[in-house]
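Below is my_file09.cif, holding mmCIF, C-alpha atoms and all ligand atoms.
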```cif
data_model
#
loop_
_atom_site.label_atom_id
_atom_site.label_comp_id
_atom_site.auth_asym_id
_atom_site.auth_seq_id
_atom_site.Cartn_x
_atom_site.Cartn_y
_atom_site.Cartn_z
CA MET M 1 59.97 227.54 -34.76
CA LEU M 2 56.86 228.49 -36.79
CA LYS M 3 57.21 225.28 -38.69
CA LYS M 4 57.19 223.28 -35.45
CA ILE M 5 54.06 225.06 -34.21
CA PHE M 6 52.37 224.36 -37.53
CA ILE M 7 53.26 220.68 -37.38
CA VAL M 8 51.95 220.39 -33.81
CA LEU M 9 48.72 222.12 -34.86
CA VAL M 10 48.22 219.75 -37.76
CA ILE M 11 48.83 216.74 -35.51
CA VAL M 12 46.32 218.05 -32.95
CA LEU M 13 43.75 218.72 -35.68
CA ILE M 14 44.18 215.22 -37.04
CA GLY M 15 44.18 213.73 -33.55
CA ILE M 16 40.86 215.27 -32.52
CA GLN M 17 39.17 213.85 -35.62
CA PHE M 18 39.19 210.52 -33.80
CA ILE M 19 37.16 211.88 -30.89
CA ARG M 20 33.47 211.35 -31.51
CA PRO M 21 31.15 213.01 -29.01
CA SER M 22 28.07 210.86 -28.49
CA LYS M 23 25.10 211.94 -30.56
CA ASN M 24 21.86 213.22 -29.14
CA GLN M 25 19.67 210.62 -30.81
CA THR M 26 17.21 208.01 -29.65
CA THR M 27 14.52 205.77 -31.12
CA GLU M 28 12.74 205.42 -27.77
CA PRO M 29 9.22 206.85 -27.48
CA GLN M 30 9.10 210.19 -25.64
CA PRO M 31 6.07 209.94 -23.36
CA ASN M 32 6.82 213.22 -21.58
CA SER M 33 7.03 215.40 -24.64
CA ALA M 34 5.35 218.81 -24.72
CA ASP M 35 2.98 217.37 -27.27
CA HIS M 36 1.33 215.41 -24.45
CA LEU M 37 0.51 218.56 -22.53
CA PHE M 38 -1.27 219.98 -25.51
CA GLN M 39 -1.32 218.27 -28.90
CA MET M 40 0.67 220.13 -31.54
CA PRO M 41 -0.98 220.40 -34.96
CA GLU M 42 1.06 218.64 -37.68
CA ASN M 43 2.01 222.00 -39.19
CA LEU M 44 3.49 223.22 -35.97
CA LYS M 45 5.37 219.95 -35.46
CA THR M 46 7.13 220.58 -38.76
CA VAL M 47 7.99 224.12 -37.71
CA MET M 48 9.38 223.00 -34.34
CA GLN M 49 11.31 220.21 -36.00
CA LYS M 50 13.09 222.46 -38.43
CA ALA M 51 13.67 225.39 -36.04
CA CYS M 52 13.92 224.14 -32.46
CA LEU M 53 14.17 220.41 -31.89
CA ASP M 54 17.79 219.97 -32.96
CA CYS M 55 18.74 221.71 -29.70
CA HIS M 56 15.67 221.24 -27.51
CA SER M 57 14.77 217.55 -27.74
CA ASN M 58 16.28 214.09 -27.34
CA ASN M 59 16.70 213.80 -31.09
CA SER M 60 18.97 216.03 -33.14
CA ARG M 61 19.47 215.82 -36.88
CA TYR M 62 23.14 216.18 -37.73
CA PRO M 63 24.60 217.73 -40.88
CA TRP M 64 27.54 215.99 -42.60
CA TYR M 65 29.99 218.51 -41.19
CA ASN M 66 29.24 217.21 -37.73
CA ASN M 67 31.82 214.56 -38.70
CA ILE M 68 34.51 217.22 -38.62
CA GLN M 69 36.17 218.34 -35.43
CA PRO M 70 36.01 220.77 -33.70
CA VAL M 71 32.56 221.32 -35.27
CA ALA M 72 31.12 218.32 -33.45
CA PHE M 73 32.30 219.60 -30.05
CA TRP M 74 30.74 222.95 -30.75
CA MET M 75 27.41 221.41 -31.76
CA GLN M 76 27.38 219.12 -28.75
CA LEU M 77 27.88 222.15 -26.53
CA HIS M 78 24.86 223.91 -28.03
CA VAL M 79 22.68 220.84 -27.79
CA ASN M 80 23.65 220.24 -24.16
CA LYS M 81 23.08 223.87 -23.23
CA GLY M 82 19.82 224.08 -25.14
CA LYS M 83 18.48 220.83 -23.63
CA LYS M 84 19.36 221.92 -20.13
CA LYS M 85 17.25 225.05 -20.52
CA LEU M 86 14.41 223.45 -22.41
CA ASN M 87 13.87 219.84 -23.46
CA LEU M 88 10.57 219.56 -25.29
CA ASP M 89 10.80 215.76 -25.08
CA GLU M 90 10.93 215.88 -21.29
CA PHE M 91 8.57 218.76 -20.85
CA THR M 92 5.94 217.21 -18.59
CA ASN M 93 8.66 215.92 -16.23
CA MET M 94 9.09 219.45 -14.97
CA PRO M 95 7.13 220.88 -12.04
CA LEU M 96 3.91 222.58 -13.19
CA ARG M 97 5.16 226.08 -12.48
CA ARG M 98 8.22 225.47 -14.56
CA GLN M 99 6.21 224.07 -17.46
CA TYR M 100 3.94 227.08 -17.38
CA HIS M 101 6.88 229.46 -17.23
CA LYS M 102 8.70 227.72 -20.09
CA LEU M 103 5.60 228.15 -22.27
CA GLU M 104 5.84 231.88 -21.63
CA GLU M 105 9.55 231.86 -22.37
CA ILE M 106 9.10 230.02 -25.66
CA ALA M 107 6.69 232.72 -26.86
CA GLU M 108 8.98 235.44 -25.55
CA GLU M 109 12.12 234.09 -27.22
CA VAL M 110 10.32 233.73 -30.53
CA LYS M 111 8.72 237.17 -30.26
CA GLU M 112 12.06 238.81 -29.51
CA GLY M 113 13.88 236.87 -32.19
CA GLY M 114 16.28 235.26 -29.69
CA MET M 115 15.43 231.78 -30.95
CA PRO M 116 16.38 229.96 -33.06
CA LEU M 117 19.99 231.03 -32.44
CA PRO M 118 21.48 233.19 -35.21
CA SER M 119 24.40 230.76 -35.55
CA TYR M 120 21.79 228.13 -36.43
CA THR M 121 19.84 230.17 -38.97
CA TRP M 122 23.04 231.01 -40.85
CA THR M 123 23.32 227.39 -41.83
CA HIS M 124 19.61 226.49 -41.67
CA LYS M 125 17.85 229.13 -43.74
CA ASP M 126 14.56 227.25 -43.48
CA ALA M 127 14.64 227.77 -39.70
CA VAL M 128 14.09 231.52 -40.10
CA LEU M 129 10.51 231.78 -38.92
CA THR M 130 7.84 233.53 -40.97
CA GLU M 131 5.16 235.59 -39.21
CA ALA M 132 2.67 232.78 -39.86
CA GLU M 133 4.99 230.22 -38.28
CA LYS M 134 5.56 232.44 -35.25
CA ASN M 135 1.80 232.80 -34.87
CA GLU M 136 1.42 229.02 -34.90
CA ILE M 137 3.89 228.82 -32.03
CA PHE M 138 2.05 231.54 -30.08
CA ALA M 139 -1.30 229.84 -30.68
CA TRP M 140 0.12 226.62 -29.26
CA THR M 141 1.74 228.18 -26.17
CA ASP M 142 -1.50 230.10 -25.48
CA SER M 143 -3.61 226.95 -25.81
CA ALA M 144 -1.25 224.90 -23.66
CA LYS M 145 -1.30 227.61 -20.99
CA ALA M 146 -5.10 227.78 -21.14
CA VAL M 147 -5.30 224.00 -20.62
CA MET M 148 -3.06 224.28 -17.58
CA GLU M 149 -5.11 227.16 -16.21
CA ARG M 150 -8.29 225.10 -16.53
CA THR M 151 -6.71 221.98 -15.02
CA TYR M 152 -4.71 223.26 -12.08
CA PRO M 153 -5.25 225.87 -9.39
CA LYS M 154 -3.69 229.20 -10.25
CA ASP M 155 -1.11 229.19 -7.45
CA SER M 156 0.32 225.89 -8.64
CA LEU M 157 1.21 227.65 -11.91
CA ILE M 158 2.21 231.11 -10.77
CA ARG M 159 3.99 231.79 -7.51
CA LYS M 160 1.98 234.04 -5.19
CA LYS M 161 3.41 237.54 -4.94
C1 LIG M 201 21.28 225.76 -32.34
C2 LIG M 201 20.59 225.33 -31.18
C3 LIG M 201 19.26 225.97 -30.81
C4 LIG M 201 18.12 226.08 -31.59
C5 LIG M 201 17.93 225.66 -33.02
C6 LIG M 201 17.11 226.68 -30.74
N1 LIG M 201 17.63 226.91 -29.50
FE1 LIG M 201 16.65 227.67 -27.90
N2 LIG M 201 18.36 227.64 -26.80
C7 LIG M 201 19.59 227.17 -27.24
C8 LIG M 201 20.60 227.40 -26.23
C9 LIG M 201 22.07 227.04 -26.34
C10 LIG M 201 19.93 228.04 -25.16
C11 LIG M 201 20.53 228.52 -23.87
C12 LIG M 201 20.92 229.95 -24.07
C13 LIG M 201 21.66 230.53 -22.95
O1 LIG M 201 21.79 229.91 -21.91
O2 LIG M 201 22.10 231.68 -23.13
C14 LIG M 201 18.54 228.17 -25.54
C15 LIG M 201 17.55 228.73 -24.76
C16 LIG M 201 16.20 228.75 -25.08
C17 LIG M 201 15.15 229.20 -24.21
C18 LIG M 201 15.38 229.84 -22.88
C19 LIG M 201 15.02 228.90 -21.78
C20 LIG M 201 15.30 229.54 -20.45
O3 LIG M 201 14.89 228.96 -19.49
O4 LIG M 201 15.93 230.61 -20.39
C21 LIG M 201 13.96 229.03 -24.85
C22 LIG M 201 12.57 229.32 -24.33
C23 LIG M 201 14.27 228.49 -26.16
N3 LIG M 201 15.64 228.33 -26.28
C24 LIG M 201 13.34 228.21 -27.12
C25 LIG M 201 13.65 227.88 -28.43
C26 LIG M 201 12.69 227.77 -29.50
C27 LIG M 201 11.18 227.97 -29.33
C28 LIG M 201 13.36 227.45 -30.63
C29 LIG M 201 12.81 227.29 -32.03
C30 LIG M 201 12.04 228.38 -32.53
C31 LIG M 201 14.78 227.33 -30.27
N4 LIG M 201 14.90 227.61 -28.94
C32 LIG M 201 15.80 226.97 -31.13
C33 LIG M 201 19.82 226.54 -28.44
C34 LIG M 201 18.94 226.49 -29.51
#
```
File written out as structure tokens:
Amino acid sequence: MLKKIFIVLVIVLIGIQFIRPSKNQTTEPQPNSADHLFQMPENLKTVMQKACLDCHSNNSRYPWYNNIQPVAFWMQLHVNKGKKKLNLDEFTNMPLRRQYHKLEEIAEEVKEGGMPLPSYTWTHKDAVLTEAEKNEIFAWTDSAKAVMERTYPKDSLIRKK
């Protein structure tokens, strides 16, 4: 009996190796990226790339073990979930209020250490943010918010109480 279960498991494990979830990758320009709301300094771009964009953009970098199932399913799930909540490549597509609120949430998540996800920093040690890197993120979200405040009336950014 155990032997049969083992054989079925092995067959399933081999079988799923042939399923390749589509990758989150594109070479298209991203005209609605957050960068267009407020230009990110090159330094910050590097920080976002290594710590956030694999799950919050239209372009993920994949490690070699993404070729192994069920790892690829698991990664696809994170990318899909992350993109649904925040896609920095489609940032300016969102209504103004939502953009403004997401800027606040980015700072909040980073401040509280919720992002990047712990499961990501285990395998991406360079994504653990230093204080200086966190401050670069805060400086950017503050500047982007300030630009929005100067450009749009207040009640288009924050819902009236
Ligand atoms: C490994 C993938 C991954 C990485 C890397 C990652 N995130 Fe996330 N992020 C997620 C997922 C998944 C969610 C959704 C969490 C949930 O629904 O509980 C999320 C949610 C968020 C949210 C919440 C949005 C909302 O509306 O609630 C913000 C803001 C955010 N991430 C910012 C960041 C920032 C900034 C970084 C880089 C410092 C980052 N994330 C790195 C996967 C990731």
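Distances here use only C-alpha atoms and all ligand atoms; by that measure, the residue among M:Ala107, M:Leu44, M:Leu2, M:Val12 closest to ligand LIG 201 (chain M) is M:Ala107.
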With a cut-off of 8 Å, could you pull out the residues of chain M touching ligand LIG 201 (chain M) and give me the nearest pair of atoms for each, distance in Å to one decimal, using only C-alpha atoms and all ligand atoms, ordered by chain and ascending number, as JSON lines?
```
{"residue": "M:Val47", "atom": "CA", "partner": "M:LIG201", "partner_atom": "C30", "distance": 7.8}
{"residue": "M:Met48", "atom": "CA", "partner": "M:LIG201", "partner_atom": "C29", "distance": 6.0}
{"residue": "M:Lys50", "atom": "CA", "partner": "M:LIG201", "partner_atom": "C5", "distance": 7.9}
{"residue": "M:Ala51", "atom": "CA", "partner": "M:LIG201", "partner_atom": "C29", "distance": 4.5}
{"residue": "M:Cys52", "atom": "CA", "partner": "M:LIG201", "partner_atom": "C29", "distance": 3.4}
{"residue": "M:Leu53", "atom": "CA", "partner": "M:LIG201", "partner_atom": "C5", "distance": 6.6}
{"residue": "M:Asp54", "atom": "CA", "partner": "M:LIG201", "partner_atom": "C5", "distance": 5.7}
{"residue": "M:Cys55", "atom": "CA", "partner": "M:LIG201", "partner_atom": "C2", "distance": 4.3}
{"residue": "M:His56", "atom": "CA", "partner": "M:LIG201", "partner_atom": "N1", "distance": 6.3}
{"residue": "M:Met75", "atom": "CA", "partner": "M:LIG201", "partner_atom": "C1", "distance": 7.5}
{"residue": "M:Leu77", "atom": "CA", "partner": "M:LIG201", "partner_atom": "C9", "distance": 7.6}
{"residue": "M:His78", "atom": "CA", "partner": "M:LIG201", "partner_atom": "C9", "distance": 4.5}
{"residue": "M:Val79", "atom": "CA", "partner": "M:LIG201", "partner_atom": "C2", "distance": 6.0}
{"residue": "M:Asn80", "atom": "CA", "partner": "M:LIG201", "partner_atom": "C9", "distance": 7.3}
{"residue": "M:Lys81", "atom": "CA", "partner": "M:LIG201", "partner_atom": "C9", "distance": 4.6}
{"residue": "M:Gly82", "atom": "CA", "partner": "M:LIG201", "partner_atom": "C8", "distance": 3.6}
{"residue": "M:Lys83", "atom": "CA", "partner": "M:LIG201", "partner_atom": "C8", "distance": 7.4}
{"residue": "M:Lys84", "atom": "CA", "partner": "M:LIG201", "partner_atom": "C11", "distance": 7.7}
{"residue": "M:Lys85", "atom": "CA", "partner": "M:LIG201", "partner_atom": "C19", "distance": 4.6}
{"residue": "M:Leu86", "atom": "CA", "partner": "M:LIG201", "partner_atom": "C19", "distance": 5.5}
{"residue": "M:Lys102", "atom": "CA", "partner": "M:LIG201", "partner_atom": "C22", "distance": 6.0}
{"residue": "M:Leu103", "atom": "CA", "partner": "M:LIG201", "partner_atom": "C22", "distance": 7.4}
{"residue": "M:Glu104", "atom": "CA", "partner": "M:LIG201", "partner_atom": "C22", "distance": 7.7}
{"residue": "M:Glu105", "atom": "CA", "partner": "M:LIG201", "partner_atom": "C22", "distance": 4.4}
{"residue": "M:Ile106", "atom": "CA", "partner": "M:LIG201", "partner_atom": "C22", "distance": 3.8}
{"residue": "M:Ala107", "atom": "CA", "partner": "M:LIG201", "partner_atom": "C27", "distance": 7.0}
{"residue": "M:Glu108", "atom": "CA", "partner": "M:LIG201", "partner_atom": "C22", "distance": 7.2}
{"residue": "M:Glu109", "atom": "CA", "partner": "M:LIG201", "partner_atom": "C22", "distance": 5.6}
{"residue": "M:Val110", "atom": "CA", "partner": "M:LIG201", "partner_atom": "C27", "distance": 5.9}
{"residue": "M:Gly114", "atom": "CA", "partner": "M:LIG201", "partner_atom": "N3", "distance": 7.8}
{"residue": "M:Met115", "atom": "CA", "partner": "M:LIG201", "partner_atom": "C31", "distance": 4.5}
{"residue": "M:Pro116", "atom": "CA", "partner": "M:LIG201", "partner_atom": "C32", "distance": 3.6}
{"residue": "M:Leu117", "atom": "CA", "partner": "M:LIG201", "partner_atom": "C4", "distance": 5.4}
{"residue": "M:Pro118", "atom": "CA", "partner": "M:LIG201", "partner_atom": "C1", "distance": 8.0}
{"residue": "M:Ser119", "atom": "CA", "partner": "M:LIG201", "partner_atom": "C1", "distance": 6.7}
{"residue": "M:Tyr120", "atom": "CA", "partner": "M:LIG201", "partner_atom": "C1", "distance": 4.8}
{"residue": "M:Thr121", "atom": "CA", "partner": "M:LIG201", "partner_atom": "C5", "distance": 7.7}
{"residue": "M:Ala127", "atom": "CA", "partner": "M:LIG201", "partner_atom": "C30", "distance": 7.7}
{"residue": "M:Leu129", "atom": "CA", "partner": "M:LIG201", "partner_atom": "C30", "distance": 7.4}
{"residue": "M:Ile137", "atom": "CA", "partner": "M:LIG201", "partner_atom": "C27", "distance": 7.8}
```
- Calculate how many Å separate CA of Pro31 (chain M) from CA of Thr92 (chain M), rounding to one decimal. 8.7 Å
- Compile the contact shell of Asp89 (chain M) as number ranges by chain: residues with an atom at most 7 Å away, counting all atoms listed in the file, same-chain residues fewer than 5 positions apart removed. M: 30, 32-34, 57-58
- Task: Could you please determine the separation between CA of Tyr65 (chain M) and CA of Thr27 (chain M) in Å, to one decimal place?
- Result: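 So the two atoms, CA of Tyr65 (chain M) and CA of Thr27 (chain M), lie 22.4 Å apart.
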- Query: Which is closer to Arg61 (chain M) than all the others in M:Arg98, M:Lys145, M:Lys111, M:Lys23, using only C-alpha atoms?
  - Reply: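 For Arg61 (chain M), the nearest of the candidates is M:Lys23.
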- Task: Give the answer as one residue: which of M:Trp74, M:Tyr62, M:Phe18, M:Phe91 has the shortest atom-to-atom distance to Asp35 (chain M), using all atoms listed in the file?
- Result: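 Checking each of M:Trp74, M:Tyr62, M:Phe18, M:Phe91 against Asp35 (chain M), counting all atoms listed in the file, the winner is M:Phe91.
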Can region 141-155 of chain M be brought up to N, CA, C and O atoms and written out as a PDB file, in the coordinates of the input?
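Result file part-v4.pdb:
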```
ATOM      1  N   THR M 141       1.383 227.874 -27.567  1.00  0.00           N
ATOM      2  CA  THR M 141       1.740 228.180 -26.170  1.00  0.00           C
ATOM      3  C   THR M 141       0.522 228.744 -25.438  1.00  0.00           C
ATOM      4  O   THR M 141       0.285 228.399 -24.284  1.00  0.00           O
ATOM      5  N   ASP M 142      -0.286 229.555 -26.130  1.00  0.00           N
ATOM      6  CA  ASP M 142      -1.500 230.100 -25.480  1.00  0.00           C
ATOM      7  C   ASP M 142      -2.477 228.983 -25.134  1.00  0.00           C
ATOM      8  O   ASP M 142      -3.023 228.954 -24.032  1.00  0.00           O
ATOM      9  N   SER M 143      -2.667 228.051 -26.070  1.00  0.00           N
ATOM     10  CA  SER M 143      -3.610 226.950 -25.810  1.00  0.00           C
ATOM     11  C   SER M 143      -3.108 226.072 -24.674  1.00  0.00           C
ATOM     12  O   SER M 143      -3.876 225.658 -23.808  1.00  0.00           O
ATOM     13  N   ALA M 144      -1.806 225.770 -24.696  1.00  0.00           N
ATOM     14  CA  ALA M 144      -1.250 224.900 -23.660  1.00  0.00           C
ATOM     15  C   ALA M 144      -1.384 225.582 -22.288  1.00  0.00           C
ATOM     16  O   ALA M 144      -1.717 224.932 -21.296  1.00  0.00           O
ATOM     17  N   LYS M 145      -1.150 226.886 -22.248  1.00  0.00           N
ATOM     18  CA  LYS M 145      -1.300 227.610 -20.990  1.00  0.00           C
ATOM     19  C   LYS M 145      -2.762 227.604 -20.531  1.00  0.00           C
ATOM     20  O   LYS M 145      -3.039 227.405 -19.351  1.00  0.00           O
ATOM     21  N   ALA M 146      -3.677 227.779 -21.484  1.00  0.00           N
ATOM     22  CA  ALA M 146      -5.100 227.780 -21.140  1.00  0.00           C
ATOM     23  C   ALA M 146      -5.518 226.429 -20.565  1.00  0.00           C
ATOM     24  O   ALA M 146      -6.279 226.358 -19.597  1.00  0.00           O
ATOM     25  N   VAL M 147      -4.981 225.333 -21.145  1.00  0.00           N
ATOM     26  CA  VAL M 147      -5.300 224.000 -20.620  1.00  0.00           C
ATOM     27  C   VAL M 147      -4.801 223.883 -19.186  1.00  0.00           C
ATOM     28  O   VAL M 147      -5.513 223.392 -18.303  1.00  0.00           O
ATOM     29  N   MET M 148      -3.601 224.350 -18.940  1.00  0.00           N
ATOM     30  CA  MET M 148      -3.060 224.280 -17.580  1.00  0.00           C
ATOM     31  C   MET M 148      -3.882 225.105 -16.616  1.00  0.00           C
ATOM     32  O   MET M 148      -4.147 224.692 -15.492  1.00  0.00           O
ATOM     33  N   GLU M 149      -4.316 226.289 -17.079  1.00  0.00           N
ATOM     34  CA  GLU M 149      -5.110 227.160 -16.210  1.00  0.00           C
ATOM     35  C   GLU M 149      -6.447 226.514 -15.846  1.00  0.00           C
ATOM     36  O   GLU M 149      -6.946 226.687 -14.742  1.00  0.00           O
ATOM     37  N   ARG M 150      -7.018 225.770 -16.804  1.00  0.00           N
ATOM     38  CA  ARG M 150      -8.290 225.100 -16.530  1.00  0.00           C
ATOM     39  C   ARG M 150      -8.099 223.895 -15.622  1.00  0.00           C
ATOM     40  O   ARG M 150      -8.988 223.515 -14.888  1.00  0.00           O
ATOM     41  N   THR M 151      -6.928 223.257 -15.713  1.00  0.00           N
ATOM     42  CA  THR M 151      -6.710 221.980 -15.020  1.00  0.00           C
ATOM     43  C   THR M 151      -6.196 222.133 -13.602  1.00  0.00           C
ATOM     44  O   THR M 151      -6.512 221.326 -12.739  1.00  0.00           O
ATOM     45  N   TYR M 152      -5.380 223.150 -13.383  1.00  0.00           N
ATOM     46  CA  TYR M 152      -4.710 223.260 -12.080  1.00  0.00           C
ATOM     47  C   TYR M 152      -5.041 224.582 -11.416  1.00  0.00           C
ATOM     48  O   TYR M 152      -5.302 225.569 -12.094  1.00  0.00           O
ATOM     49  N   PRO M 153      -5.024 224.584 -10.079  1.00  0.00           N
ATOM     50  CA  PRO M 153      -5.250 225.870  -9.390  1.00  0.00           C
ATOM     51  C   PRO M 153      -4.160 226.878  -9.750  1.00  0.00           C
ATOM     52  O   PRO M 153      -3.010 226.496 -10.001  1.00  0.00           O
ATOM     53  N   LYS M 154      -4.571 228.132  -9.774  1.00  0.00           N
ATOM     54  CA  LYS M 154      -3.690 229.200 -10.250  1.00  0.00           C
ATOM     55  C   LYS M 154      -2.339 229.235  -9.513  1.00  0.00           C
ATOM     56  O   LYS M 154      -1.296 229.424 -10.118  1.00  0.00           O
ATOM     57  N   ASP M 155      -2.368 229.027  -8.187  1.00  0.00           N
ATOM     58  CA  ASP M 155      -1.110 229.190  -7.450  1.00  0.00           C
ATOM     59  C   ASP M 155      -0.171 227.989  -7.617  1.00  0.00           C
ATOM     60  O   ASP M 155       0.952 228.010  -7.132  1.00  0.00           O
TER      61      ASP M 155
END
```
